[in-house]
file entry.cif (mmCIF, C-alpha atoms and all ligand atoms)
data_upload
loop_
_atom_site.label_atom_id
_atom_site.label_comp_id
_atom_site.auth_asym_id
_atom_site.auth_seq_id
_atom_site.Cartn_x
_atom_site.Cartn_y
_atom_site.Cartn_z
CA MET A 1 91.74 104.53 135.45
CA GLN A 2 93.34 106.89 137.95
CA THR A 3 94.22 110.43 136.85
CA HIS A 4 97.20 112.17 138.44
CA THR A 5 97.97 115.86 138.18
CA THR A 6 101.02 115.91 140.43
CA ILE A 7 104.44 114.36 139.99
CA ALA A 8 104.33 113.09 143.59
CA SER A 9 101.07 111.20 143.04
CA LEU A 10 102.14 109.45 139.80
CA ARG A 11 105.63 108.70 141.15
CA SER A 12 104.47 107.19 144.45
CA THR A 13 101.78 105.10 142.75
CA LEU A 14 104.17 103.67 140.15
CA ASP A 15 106.92 103.19 142.77
CA ARG A 16 104.49 101.02 144.75
CA ALA A 17 103.51 99.07 141.62
CA ARG A 18 107.16 98.38 140.77
CA ALA A 19 107.92 97.42 144.39
CA GLY A 20 105.16 94.80 144.04
CA GLY A 21 106.94 93.39 140.98
CA ALA A 22 104.85 95.09 138.27
CA ARG A 23 106.39 96.02 134.94
CA VAL A 24 105.36 99.54 133.98
CA GLY A 25 104.78 100.67 130.37
CA LEU A 26 104.66 104.39 129.57
CA VAL A 27 103.13 106.27 126.61
CA PRO A 28 104.19 109.94 126.58
CA THR A 29 101.83 112.11 124.49
CA MET A 30 100.87 115.72 123.96
CA GLY A 31 97.20 114.77 123.71
CA PHE A 32 94.63 115.33 120.97
CA LEU A 33 94.85 111.59 120.56
CA HIS A 34 94.18 109.70 117.34
CA ALA A 35 94.24 106.05 116.33
CA GLY A 36 98.07 106.15 116.18
CA HIS A 37 98.22 107.06 119.87
CA VAL A 38 95.57 104.46 120.66
CA SER A 39 97.78 101.79 119.06
CA LEU A 40 100.61 102.81 121.42
CA LEU A 41 98.28 102.73 124.44
CA GLU A 42 96.97 99.28 123.52
CA ARG A 43 100.49 97.96 123.02
CA ALA A 44 101.56 99.33 126.43
CA VAL A 45 98.55 97.66 128.06
CA ALA A 46 99.22 94.34 126.30
CA ASP A 47 102.96 94.26 127.08
CA ASN A 48 103.02 95.38 130.73
CA ASP A 49 101.42 94.76 134.13
CA VAL A 50 100.68 98.46 134.58
CA ALA A 51 100.26 101.01 131.78
CA ALA A 52 100.52 104.77 132.21
CA ALA A 53 100.00 107.56 129.70
CA THR A 54 101.08 111.17 129.98
CA LEU A 55 99.32 114.10 128.37
CA PHE A 56 101.37 117.27 128.44
CA VAL A 57 101.83 119.92 125.76
CA ASN A 58 105.49 120.57 126.46
CA PRO A 59 106.40 124.25 125.90
CA LEU A 60 110.13 123.44 125.80
CA GLN A 61 109.83 121.71 122.43
CA PHE A 62 108.07 124.58 120.62
CA GLY A 63 110.16 127.34 119.07
CA ALA A 64 109.21 131.01 118.97
CA GLY A 65 106.38 131.50 116.45
CA GLU A 66 105.40 127.80 116.47
CA ASP A 67 101.91 126.53 117.35
CA LEU A 68 102.21 126.12 121.16
CA ALA A 69 99.18 128.30 121.97
CA ALA A 70 97.12 126.90 119.09
CA TYR A 71 98.15 123.26 119.63
CA PRO A 72 94.86 121.30 119.64
CA ARG A 73 93.66 120.18 123.08
CA ASP A 74 90.67 118.05 124.20
CA LEU A 75 91.28 116.60 127.64
CA PRO A 76 87.85 114.98 128.25
CA ARG A 77 87.95 113.15 124.90
CA ASP A 78 91.60 112.14 125.42
CA ALA A 79 90.90 110.83 128.95
CA ALA A 80 88.00 108.74 127.60
CA LEU A 81 90.24 107.24 124.86
CA VAL A 82 93.03 106.46 127.35
CA ALA A 83 90.56 104.77 129.71
CA ALA A 84 88.93 102.82 126.85
CA ALA A 85 92.36 101.49 125.84
CA GLY A 86 92.67 99.92 129.31
CA VAL A 87 95.41 102.23 130.62
CA ASP A 88 95.68 102.25 134.43
CA HIS A 89 97.13 105.74 135.04
CA LEU A 90 96.89 109.06 133.22
CA PHE A 91 99.23 111.94 134.11
CA THR A 92 97.98 115.43 133.14
CA PRO A 93 100.30 117.93 134.83
CA THR A 94 100.16 121.70 134.38
CA VAL A 95 103.18 123.57 133.04
CA GLU A 96 103.77 124.89 136.60
CA GLU A 97 103.79 121.33 137.98
CA MET A 98 106.36 120.18 135.40
CA TYR A 99 108.47 123.35 135.42
CA PRO A 100 107.92 125.17 138.75
CA THR A 101 111.12 127.16 138.35
CA PRO A 102 112.94 128.35 135.21
CA VAL A 103 114.46 125.30 133.54
CA LEU A 104 118.25 125.52 133.79
CA THR A 105 118.92 121.89 132.86
CA SER A 106 118.51 120.63 129.34
CA VAL A 107 119.18 117.23 127.80
CA SER A 108 120.65 117.67 124.36
CA VAL A 109 121.57 114.87 121.99
CA ALA A 110 124.20 115.85 119.41
CA GLY A 111 124.66 114.57 115.85
CA ILE A 112 121.35 112.92 114.97
CA THR A 113 119.45 116.07 115.99
CA GLU A 114 121.30 118.36 113.58
CA ARG A 115 119.55 117.54 110.29
CA PHE A 116 115.89 117.28 109.24
CA GLU A 117 113.58 118.36 112.08
CA GLY A 118 116.56 119.72 114.03
CA ALA A 119 117.60 121.96 111.11
CA SER A 120 114.08 123.39 110.78
CA ARG A 121 113.41 123.54 114.53
CA PRO A 122 116.77 124.11 116.28
CA THR A 123 115.51 123.91 119.90
CA HIS A 124 112.93 121.18 119.35
CA PHE A 125 114.85 118.03 120.22
CA ALA A 126 116.43 119.43 123.39
CA GLY A 127 112.85 120.17 124.51
CA VAL A 128 111.72 116.66 123.64
CA ALA A 129 114.74 114.93 125.22
CA THR A 130 114.42 117.03 128.38
CA VAL A 131 110.72 116.31 128.94
CA VAL A 132 111.06 112.62 128.05
CA ALA A 133 114.04 112.24 130.44
CA LYS A 134 111.93 113.95 133.10
CA LEU A 135 108.91 111.70 132.44
CA PHE A 136 111.18 108.63 132.62
CA ALA A 137 112.56 109.92 135.95
CA ILE A 138 109.03 110.42 137.31
CA ALA A 139 107.40 107.22 136.04
CA GLY A 140 110.37 104.81 136.00
CA PRO A 141 108.95 102.76 133.10
CA CYS A 142 110.47 99.45 131.98
CA ARG A 143 109.22 100.20 128.47
CA ALA A 144 108.19 103.41 126.71
CA TYR A 145 106.22 103.57 123.47
CA PHE A 146 106.66 106.09 120.63
CA GLY A 147 105.20 106.29 117.12
CA GLU A 148 107.50 105.76 114.14
CA LYS A 149 105.79 108.68 112.37
CA ASP A 150 108.27 110.86 114.29
CA PHE A 151 111.18 108.67 113.23
CA GLN A 152 113.94 111.11 114.18
CA GLN A 153 112.33 111.64 117.60
CA VAL A 154 112.44 107.89 118.26
CA ALA A 155 116.14 107.82 117.31
CA VAL A 156 116.84 110.78 119.63
CA VAL A 157 114.96 109.26 122.59
CA ARG A 158 116.61 105.87 122.05
CA ARG A 159 120.07 107.47 121.96
CA MET A 160 119.34 109.63 125.02
CA ALA A 161 118.20 106.55 127.00
CA ALA A 162 121.30 104.59 125.92
CA ASP A 163 123.78 107.41 126.59
CA LEU A 164 122.29 108.08 130.06
CA SER A 165 122.01 104.32 130.85
CA LEU A 166 118.31 104.71 131.61
CA PRO A 167 116.77 101.29 132.39
CA VAL A 168 113.99 101.62 129.83
CA GLU A 169 113.35 99.85 126.55
CA VAL A 170 112.27 102.33 123.86
CA VAL A 171 109.64 100.62 121.70
CA ALA A 172 108.89 102.10 118.24
CA CYS A 173 105.39 101.34 116.91
CA PRO A 174 104.30 101.48 113.24
CA THR A 175 102.69 104.61 111.79
CA VAL A 176 98.91 104.42 111.51
CA ARG A 177 97.53 105.84 108.23
CA GLU A 178 94.29 107.02 106.70
CA PRO A 179 93.07 104.79 103.82
CA ASP A 180 94.68 107.21 101.30
CA GLY A 181 98.07 106.89 103.02
CA LEU A 182 98.16 110.11 105.06
CA ALA A 183 99.96 109.46 108.34
CA LEU A 184 97.77 110.23 111.36
CA SER A 185 98.93 113.34 113.21
CA SER A 186 97.33 115.69 115.72
CA ARG A 187 98.31 118.50 113.32
CA ASN A 188 96.13 117.09 110.47
CA VAL A 189 93.32 119.06 112.11
CA TYR A 190 94.91 122.26 110.71
CA LEU A 191 94.37 121.11 107.08
CA THR A 192 91.67 122.69 104.92
CA ALA A 193 89.67 120.31 102.69
CA GLU A 194 91.96 121.11 99.72
CA GLU A 195 95.13 120.66 101.78
CA ARG A 196 93.78 117.39 103.21
CA ALA A 197 93.26 116.13 99.65
CA ALA A 198 96.83 117.16 98.72
CA ALA A 199 98.62 115.85 101.83
CA PRO A 200 98.84 112.12 100.86
CA VAL A 201 101.45 113.21 98.26
CA LEU A 202 104.04 112.74 101.04
CA HIS A 203 103.22 109.05 101.39
CA ARG A 204 102.96 108.62 97.61
CA ALA A 205 106.42 110.15 97.14
CA LEU A 206 107.95 107.99 99.87
CA SER A 207 106.30 104.88 98.42
CA ALA A 208 107.68 105.73 94.96
CA GLY A 209 111.16 106.19 96.50
CA ALA A 210 110.90 102.84 98.30
CA ALA A 211 109.69 101.13 95.10
CA ALA A 212 112.67 102.52 93.18
CA VAL A 213 115.09 101.14 95.82
CA THR A 214 113.32 97.77 95.77
CA ALA A 215 113.59 97.76 91.96
CA GLY A 216 117.37 98.17 92.27
CA GLU A 217 118.06 101.93 92.29
CA ARG A 218 121.18 102.47 94.42
CA SER A 219 121.80 106.20 93.94
CA ALA A 220 120.55 108.29 96.87
CA SER A 221 120.38 111.43 94.74
CA VAL A 222 118.21 109.71 92.09
CA VAL A 223 115.79 108.49 94.80
CA ARG A 224 115.81 111.92 96.47
CA ASP A 225 115.10 113.70 93.16
CA LEU A 226 112.30 111.30 92.31
CA MET A 227 110.56 111.99 95.65
CA ARG A 228 111.26 115.75 95.48
CA ASP A 229 109.75 116.00 91.95
CA LEU A 230 106.56 114.23 93.03
CA ILE A 231 106.08 116.56 96.02
CA ALA A 232 107.02 119.65 93.96
CA ALA A 233 104.24 118.75 91.49
CA GLU A 234 101.66 119.29 94.26
CA PRO A 235 101.01 123.07 94.36
CA LEU A 236 99.70 123.05 97.96
CA ALA A 237 102.86 121.35 99.30
CA GLN A 238 105.80 123.50 100.36
CA LEU A 239 108.65 121.02 100.66
CA ASP A 240 110.94 121.30 103.67
CA TYR A 241 113.15 118.23 103.15
CA VAL A 242 113.17 114.83 101.54
CA ASP A 243 115.98 112.29 101.91
CA VAL A 244 117.01 108.68 102.12
CA VAL A 245 119.31 107.80 105.04
CA ASP A 246 120.70 104.94 107.10
CA ALA A 247 117.80 103.77 109.30
CA ALA A 248 119.90 103.39 112.44
CA THR A 249 122.10 106.50 112.31
CA LEU A 250 120.11 108.80 109.99
CA ALA A 251 123.44 109.42 108.20
CA PRO A 252 123.70 109.80 104.39
CA VAL A 253 124.28 106.54 102.45
CA GLU A 254 125.75 106.46 98.93
CA PRO A 255 125.42 103.99 97.28
CA LEU A 256 122.23 102.83 98.96
CA VAL A 257 122.76 99.67 100.97
CA GLY A 258 121.25 98.07 104.08
CA ALA A 259 118.28 99.18 106.14
CA LEU A 260 117.25 102.64 104.90
CA ARG A 261 114.68 105.24 105.90
CA LEU A 262 113.02 107.61 103.47
CA LEU A 263 112.07 110.87 105.21
CA ALA A 264 109.93 113.81 104.12
CA ALA A 265 108.50 116.98 105.63
CA ALA A 266 106.35 119.61 103.97
CA ARG A 267 104.04 122.41 104.91
CA PHE A 268 100.42 122.39 103.72
CA GLY A 269 99.04 125.78 104.75
CA LYS A 270 99.29 126.00 108.56
CA ALA A 271 100.18 122.32 108.99
CA ARG A 272 103.76 121.12 108.86
CA LEU A 273 103.55 117.36 108.24
CA LEU A 274 106.18 114.62 108.49
CA ASP A 275 106.27 111.11 107.11
CA ASN A 276 108.77 108.32 106.59
CA LEU A 277 109.04 104.76 105.25
CA GLY A 278 111.56 101.96 105.72
CA VAL A 279 113.11 99.99 102.85
CA LEU A 280 115.88 97.42 102.62
CA ALA A 281 118.55 97.69 99.90
CA GLU A 282 120.08 94.20 99.72
O1 LIG B 301 105.61 112.99 120.18
C1 LIG B 301 105.11 113.71 121.07
O2 LIG B 301 103.90 113.79 121.22
C2 LIG B 301 106.03 114.52 121.97
O3 LIG B 301 107.14 114.98 121.28
C3 LIG B 301 106.44 113.77 123.26
C4 LIG B 301 107.29 112.54 122.93
C5 LIG B 301 105.20 113.33 124.02
C6 LIG B 301 107.28 114.68 124.14
O4 LIG B 301 106.57 115.82 124.52
#

call {"tool": "encode", "arguments": {"input": "entry.cif", "output": "C-alpha cells", "more": "lines below"}}
Ligand code: PAF
result
Amino acid sequence: MQTHTTIASLRSTLDRARAGGARVGLVPTMGFLHAGHVSLLERAVADNDVAAATLFVNPLQFGAGEDLAAYPRDLPRDAALVAAAGVDHLFTPTVEEMYPTPVLTSVSVAGITERFEGASRPTHFAGVATVVAKLFAIAGPCRAYFGEKDFQQVAVVRRMAADLSLPVEVVACPTVREPDGLALSSRNVYLTAEERAAAPVLHRALSAGAAAVTAGERSASVVRDLMRDLIAAEPLAQLDYVDVVDAATLAPVEPLVGALRLLAAARFGKARLLDNLGVLAE
C-alpha cells in the first residue's frame, strides 16, 4: 500500500491508473476504523481494479462545541487495517493540505439536509458535501463507498453527485452491528460501561417499529410513538429524534406505504449515536 499526504501525489497516481484503464474505488473516512469501515474497504477492493481510502477528520463538518478536537484518532492502527484489507492507496492529508486558504466555496444540498441530522447540526452536511466533492475531484473514483449507518449522509452525497453530474456511483453498504444490535461507530468509544449497555435500545426500538410495519401498522405516528416510548424508557438515552420516512426522499409518509426508513438519534452521555433500519410497507 502506498500512503499519500499530498493532493498532487494521490491525484497523479490515480490519474495514471485511470489512464491505464483501471477502475478506481474510493472509501472516504475520518479514521478510527472499525469493522464497518473494513467492510467498505473490502467491498472497494473486490469491486475495482484500484482501491483508495482517505483518512481525514474534516473540520468543516463539525459545529462549534462539537467533538472535533476530541474526535478519536489512531493513524498507525488505521493504516494497518487499510493495508490488511488490500487497499492500494491511503490518503492522509493535513488540514493545511486540504484547506490551504480560508474556504470560500461550499457545496450545500437543500431539502434533504433540513431535518434530522441537519436540524441538530445545521452546518454539518455542507461540510460533508464540500469535503466529499473535493475528494471526488482529487481521486476521480468510478465508485465511492459509504456506510448506511449514516443514512441521511448517503442520501446527501448521492444527491450532490447527481445534481453536479459527477461520474461516480455512490454505493451504500449495510450497517455492521455488535451482537447485541448496536451499530458500529467511531463514537462508541465515548460510551461508559453503563451507556454501552443502554445503547442497543436504539436498534431495539427501530426493530420494534419495523416489526409493527411488517405486521400491518400503517400510521406513521403510531410507529413513531412506539419507538419513542421504548427509547424514553431507557434513562441513559436522551432522545434527539425518531421517525419513519420515505427511504428515497426522507420525506414524511402517511399512511405508510412503499420502501421506508426508520431513523433514530439519541445522546448517551458524551456520545451522540445514530441508527436506522429499512422496512417495506406493501
Ligand atoms: O462518514 C464519515 O466518516 C465522514 O462524514 C466522511 C464521509 C468521510 C466525510 O468527511

call {"tool": "closest_atom_pairs", "arguments": {"input": "entry.cif", "of": "chain A", "to": "ligand LIG 301 (chain B)", "cutoff": "8 Å", "atoms": "only C-alpha atoms and all ligand atoms", "output": "JSON lines"}}
result
{"residue": "A:Val27", "atom": "CA", "partner": "B:LIG301", "partner_atom": "C5", "distance": 7.8}
{"residue": "A:Pro28", "atom": "CA", "partner": "B:LIG301", "partner_atom": "C5", "distance": 4.4}
{"residue": "A:Thr29", "atom": "CA", "partner": "B:LIG301", "partner_atom": "C5", "distance": 3.6}
{"residue": "A:Met30", "atom": "CA", "partner": "B:LIG301", "partner_atom": "O2", "distance": 4.5}
{"residue": "A:Gly31", "atom": "CA", "partner": "B:LIG301", "partner_atom": "O2", "distance": 7.2}
{"residue": "A:Thr54", "atom": "CA", "partner": "B:LIG301", "partner_atom": "C5", "distance": 7.6}
{"residue": "A:Leu55", "atom": "CA", "partner": "B:LIG301", "partner_atom": "C5", "distance": 7.4}
{"residue": "A:Phe56", "atom": "CA", "partner": "B:LIG301", "partner_atom": "O4", "distance": 6.7}
{"residue": "A:Val57", "atom": "CA", "partner": "B:LIG301", "partner_atom": "O4", "distance": 6.4}
{"residue": "A:Asn58", "atom": "CA", "partner": "B:LIG301", "partner_atom": "O4", "distance": 5.2}
{"residue": "A:Gln61", "atom": "CA", "partner": "B:LIG301", "partner_atom": "O4", "distance": 7.0}
{"residue": "A:Gly127", "atom": "CA", "partner": "B:LIG301", "partner_atom": "O4", "distance": 7.6}
{"residue": "A:Val128", "atom": "CA", "partner": "B:LIG301", "partner_atom": "C6", "distance": 4.9}
{"residue": "A:Ala129", "atom": "CA", "partner": "B:LIG301", "partner_atom": "C6", "distance": 7.5}
{"residue": "A:Val131", "atom": "CA", "partner": "B:LIG301", "partner_atom": "O4", "distance": 6.1}
{"residue": "A:Val132", "atom": "CA", "partner": "B:LIG301", "partner_atom": "C6", "distance": 5.8}
{"residue": "A:Phe146", "atom": "CA", "partner": "B:LIG301", "partner_atom": "C4", "distance": 6.9}
{"residue": "A:Gly147", "atom": "CA", "partner": "B:LIG301", "partner_atom": "O1", "distance": 7.4}
{"residue": "A:Asp150", "atom": "CA", "partner": "B:LIG301", "partner_atom": "O1", "distance": 6.8}
{"residue": "A:Gln153", "atom": "CA", "partner": "B:LIG301", "partner_atom": "O3", "distance": 7.2}

call {"tool": "residues_around", "arguments": {"input": "entry.cif", "residues": "Pro255 of chain A", "least_positions_apart": "5", "cutoff": "7 Å", "atoms": "all atoms listed in the file", "output": "PyMOL selection string"}}
result
chain A and resi 218-220

call {"tool": "closest_residue", "arguments": {"input": "entry.cif", "among": "A:Thr192, A:Thr214, A:Ser185, A:Thr123", "to": "Gly63 of chain A", "atoms": "all atoms listed in the file"}}
result
A:Thr123

call {"tool": "atom_distance", "arguments": {"input": "entry.cif", "atom1": "atom CA of Gly86 of chain A", "atom2": "atom CA of Ala8 of chain A"}}
result
22.7 Å

call {"tool": "residues_around", "arguments": {"input": "entry.cif", "residues": "Val170 of chain A", "least_positions_apart": "4", "cutoff": "7 Å", "atoms": "all atoms listed in the file", "output": "list in words"}}
result
Arg143, Ala144, Tyr145 and Arg158 of chain A

call {"tool": "write_last_selection", "arguments": {"input": "entry.cif", "atoms": "C-alpha atoms", "output": "PDB file, in the frame of the given file"}}
result
ATOM      1  CA  ARG A 143     109.220 100.200 128.470  1.00  0.00           C
ATOM      2  CA  ALA A 144     108.190 103.410 126.710  1.00  0.00           C
ATOM      3  CA  TYR A 145     106.220 103.570 123.470  1.00  0.00           C
ATOM      4  CA  ARG A 158     116.610 105.870 122.050  1.00  0.00           C
TER       5      ARG A 158
END

call {"tool": "decode", "arguments": {"input": "entry.cif", "residues": "segment 27-45 of chain A", "atoms": "N, CA, C and O atoms", "output": "short mmCIF file (atom, residue, chain, number, x, y, z; two decimals), in the first residue's frame"}}
result
data_model
loop_
_atom_site.label_atom_id
_atom_site.label_comp_id
_atom_site.auth_asym_id
_atom_site.auth_seq_id
_atom_site.Cartn_x
_atom_site.Cartn_y
_atom_site.Cartn_z
N VAL A 27 -12.95 4.98 -0.69
CA VAL A 27 -13.65 4.91 0.61
C VAL A 27 -13.22 6.11 1.44
O VAL A 27 -12.14 6.11 2.03
N PRO A 28 -14.06 7.16 1.49
CA PRO A 28 -13.72 8.31 2.35
C PRO A 28 -14.02 7.97 3.81
O PRO A 28 -15.10 7.45 4.11
N THR A 29 -13.08 8.25 4.71
CA THR A 29 -13.32 8.01 6.14
C THR A 29 -12.71 9.14 6.96
O THR A 29 -11.88 9.90 6.46
N MET A 30 -13.10 9.18 8.22
CA MET A 30 -12.44 10.09 9.17
C MET A 30 -11.56 9.29 10.13
O MET A 30 -11.14 9.79 11.16
N GLY A 31 -11.29 8.02 9.78
CA GLY A 31 -10.38 7.23 10.60
C GLY A 31 -11.04 6.63 11.82
O GLY A 31 -12.27 6.59 11.95
N PHE A 32 -10.19 6.15 12.75
CA PHE A 32 -10.61 5.37 13.91
C PHE A 32 -11.52 4.24 13.42
O PHE A 32 -12.66 4.09 13.84
N LEU A 33 -10.94 3.46 12.52
CA LEU A 33 -11.71 2.49 11.74
C LEU A 33 -12.20 1.32 12.59
O LEU A 33 -11.54 0.88 13.51
N HIS A 34 -13.40 0.84 12.22
CA HIS A 34 -13.97 -0.35 12.86
C HIS A 34 -14.41 -1.31 11.75
O HIS A 34 -14.18 -1.03 10.56
N ALA A 35 -15.04 -2.40 12.18
CA ALA A 35 -15.39 -3.44 11.20
C ALA A 35 -16.34 -2.92 10.11
O ALA A 35 -16.36 -3.44 8.99
N GLY A 36 -17.13 -1.88 10.43
CA GLY A 36 -18.00 -1.28 9.40
C GLY A 36 -17.15 -0.67 8.29
O GLY A 36 -17.40 -0.88 7.09
N HIS A 37 -16.12 0.10 8.67
CA HIS A 37 -15.23 0.67 7.66
C HIS A 37 -14.53 -0.44 6.86
O HIS A 37 -14.38 -0.34 5.65
N VAL A 38 -14.10 -1.48 7.60
CA VAL A 38 -13.36 -2.56 6.93
C VAL A 38 -14.26 -3.20 5.85
O VAL A 38 -13.79 -3.54 4.77
N SER A 39 -15.56 -3.30 6.15
CA SER A 39 -16.46 -3.89 5.13
C SER A 39 -16.52 -3.01 3.88
O SER A 39 -16.61 -3.51 2.76
N LEU A 40 -16.42 -1.68 4.06
CA LEU A 40 -16.41 -0.78 2.89
C LEU A 40 -15.10 -0.95 2.11
O LEU A 40 -15.09 -0.98 0.87
N LEU A 41 -13.99 -1.04 2.85
CA LEU A 41 -12.68 -1.19 2.21
C LEU A 41 -12.65 -2.49 1.39
O LEU A 41 -12.21 -2.50 0.23
N GLU A 42 -13.15 -3.57 2.00
CA GLU A 42 -13.10 -4.87 1.31
C GLU A 42 -13.99 -4.85 0.07
O GLU A 42 -13.65 -5.42 -0.97
N ARG A 43 -15.11 -4.17 0.17
CA ARG A 43 -16.01 -4.08 -0.99
C ARG A 43 -15.34 -3.28 -2.11
O ARG A 43 -15.40 -3.66 -3.28
N ALA A 44 -14.66 -2.18 -1.74
CA ALA A 44 -13.97 -1.36 -2.75
C ALA A 44 -12.87 -2.16 -3.43
O ALA A 44 -12.67 -2.06 -4.65
N VAL A 45 -12.16 -2.97 -2.66
CA VAL A 45 -11.09 -3.81 -3.22
C VAL A 45 -11.70 -4.85 -4.17
O VAL A 45 -11.20 -5.08 -5.27
#
